[in-house]
Number of protein chains: 2
Amino acid sequence: MDKSESTKIEMGESSKLERKLGKAPLLGSPSHAISSVPIVANNKKVGNYKKGISIFDLILRIASVATSIGAAVGMATAGETLPFFTQFFQFEAGYDDLPTFTFFVIAMSIVVAYLVLSIPFSIVCIARSHVVAPRLLLIIFDTAIITLTTSAAGASTAIVYLAHNGNQDANWLAFCNQFGDFCQTTSGAVVAAFITIVLLLILIVLSAIALKRH
Amino acid sequence: MDKSESTKIEMGESSKLERKLGKAPLLGSPSHAISSVPIVANNKKVGNYKKGISIFDLILRIASVATSIGAAVGMATAGETLPFFTQFFQFEAGYDDLPTFTFFVIAMSIVVAYLVLSIPFSIVCIARSHVVAPRLLLIIFDTAIITLTTSAAGASTAIVYLAHNGNQDANWLAFCNQFGDFCQTTSGAVVAAFITIVLLLILIVLSAIALKRH
């Protein structure tokens, strides 16, 4: 009778008892129960860590919007008209004279549009640092966009190099002596595109590290 | 006396009791203990999933070694000597006539070297599908290498386009009419580089998905 009462009490206070057991390290209980407190602490730490990465991601994203706008606008507004002209010709250079530069302007416009649209996703990553889907989306599209940016920047670099140095073997003459300002502006746009590439690279590495800490 | 004995028994069988408590869903015990069985099953499933991704990663990596070797060797061996010559000149074209093509050969050689060196890491990912460090290393370096590949491919595309079409505004003449074989080979090398880029893109997306399932 006394025993059954003792058992009854024990069952009634089971959750309390269990909590006690869970904290006792020498009773051979499963590790889940023992380590529940450290797990929570660790999750919180990882959460802060991921939030820090997400904030840095947002800052880098805004910076890369700025540099890509600089690249697109710089190239699109590059143009120079020489101060002398003949009866039939006026010597002028613009980005649309070279198909590669046109590609550069289109590609960088797409990059700007993508980066602006990606900012809300980056903010979602800050607000809910444990959500994985937007981070995965960002890393996939960032990789696609870095490819677009790099191809535009690489192609334009090749043309800018030709414009500066020419090529004797192919008999392509440099025209930067005549169109100095045009060359200067297009070179600046290409440099801005390369800065965008570096920022995107850091963004992808950060996203990968944040995914790892899932 | 009877009560204390009951308590003693209870303490002695604590681990058994606790296991019983842990399996009972209505006792308000922490979720760790309840869900221990499904977690193990899920881990195994995720492990298989990640192993599948790793095997696919290895296959893609070997394929990209092949395409990047094709690109590097194709460009390096591109050359054509015209069958007529004057007293002073022999008309020939090689990749080293154009600095962009030289850059292409060097960049693609680096890509080949990296991809070959990355195969052991990919194998480690298959053997130990839960290890995160090699996967993170691969995704970071893959991203760097895709940038290098794309810049080389983009720059060479711009030059190949010029060689085919020329540019009237800059007064750069096409030379593919004279050096048809040379243009053909370099175009093929550029296409091989773009296939490498696509394979690397898939590799990065796969690595990101595998990291997510950590």
# chains A, B, ... in the order shown; residues from 1 in each chain; ligands from 1

call {"tool": "residues_around", "arguments": {"residues": "Val131 of chain A", "least_positions_apart": "2", "cutoff": "12 Å", "atoms": "only C-alpha atoms", "output": "mmCIF file with C-alpha atoms, in the first residue's frame"}}
result
data_model
loop_
_atom_site.group_PDB
_atom_site.id
_atom_site.type_symbol
_atom_site.label_atom_id
_atom_site.label_comp_id
_atom_site.auth_asym_id
_atom_site.auth_seq_id
_atom_site.Cartn_x
_atom_site.Cartn_y
_atom_site.Cartn_z
ATOM 1 C CA GLY A 47 22.209 31.929 -35.020
ATOM 2 C CA LYS A 50 24.638 33.503 -39.257
ATOM 3 C CA LYS A 51 22.906 36.810 -38.596
ATOM 4 C CA SER A 54 23.664 37.901 -43.385
ATOM 5 C CA PHE A 121 16.058 37.840 -50.019
ATOM 6 C CA SER A 122 19.161 38.994 -48.191
ATOM 7 C CA ILE A 123 16.933 40.830 -45.672
ATOM 8 C CA VAL A 124 14.874 37.654 -45.184
ATOM 9 C CA CYS A 125 18.139 35.864 -44.375
ATOM 10 C CA ILE A 126 18.848 38.470 -41.673
ATOM 11 C CA ALA A 127 15.367 38.317 -40.178
ATOM 12 C CA ARG A 128 15.167 34.515 -40.184
ATOM 13 C CA SER A 129 18.735 33.373 -39.987
ATOM 14 C CA ALA A 133 15.863 28.130 -48.912
ATOM 15 C CA PRO A 134 16.564 31.841 -49.665
ATOM 16 C CA ARG A 135 20.245 31.363 -48.904
ATOM 17 C CA LEU A 136 20.452 28.446 -51.334
ATOM 18 C CA LEU A 137 18.563 30.447 -53.969
ATOM 19 C CA ALA A 210 26.493 30.223 -43.702
ATOM 20 C CA LEU A 211 25.005 27.121 -45.356
ATOM 21 C CA ARG A 213 26.785 26.223 -40.274
ATOM 22 C CA HIS A 214 23.228 25.048 -40.809
ATOM 23 C CA LYS B 212 22.469 22.613 -47.206
#

call {"tool": "closest_residue", "arguments": {"among": "A:Gln168, A:Ser207, A:Thr77, A:Ser109", "to": "Asp142 of chain A", "atoms": "only C-alpha atoms"}}
result
A:Ser207

call {"tool": "residues_around", "arguments": {"residues": "Thr149 of chain A", "least_positions_apart": "6", "cutoff": "8 Å", "atoms": "only C-alpha atoms", "output": "PyMOL selection string"}}
result
chain A and resi 107-108+111+193+196-197

call {"tool": "write_last_selection", "arguments": {"atoms": "N, CA, C and O atoms", "output": "short mmCIF file (atom, residue, chain, number, x, y, z; two decimals), in the first residue's frame"}}
result
data_model
loop_
_atom_site.label_atom_id
_atom_site.label_comp_id
_atom_site.auth_asym_id
_atom_site.auth_seq_id
_atom_site.Cartn_x
_atom_site.Cartn_y
_atom_site.Cartn_z
N ALA A 107 24.67 43.21 -70.21
CA ALA A 107 24.97 42.25 -69.13
C ALA A 107 24.99 42.96 -67.78
O ALA A 107 24.40 42.48 -66.81
N MET A 108 25.65 44.13 -67.72
CA MET A 108 25.74 44.81 -66.42
C MET A 108 24.37 45.33 -65.99
O MET A 108 24.09 45.40 -64.78
N VAL A 111 22.80 42.48 -64.36
CA VAL A 111 23.42 42.26 -63.05
C VAL A 111 22.84 43.24 -62.03
O VAL A 111 22.49 42.86 -60.91
N ALA A 193 33.48 46.69 -63.15
CA ALA A 193 32.92 45.34 -63.30
C ALA A 193 33.76 44.32 -62.54
O ALA A 193 33.23 43.41 -61.90
N THR A 196 32.96 44.46 -58.96
CA THR A 196 31.70 43.74 -58.74
C THR A 196 31.95 42.24 -58.63
O THR A 196 31.37 41.56 -57.78
N ILE A 197 32.85 41.73 -59.50
CA ILE A 197 33.14 40.29 -59.48
C ILE A 197 33.73 39.89 -58.14
O ILE A 197 33.33 38.88 -57.54
#
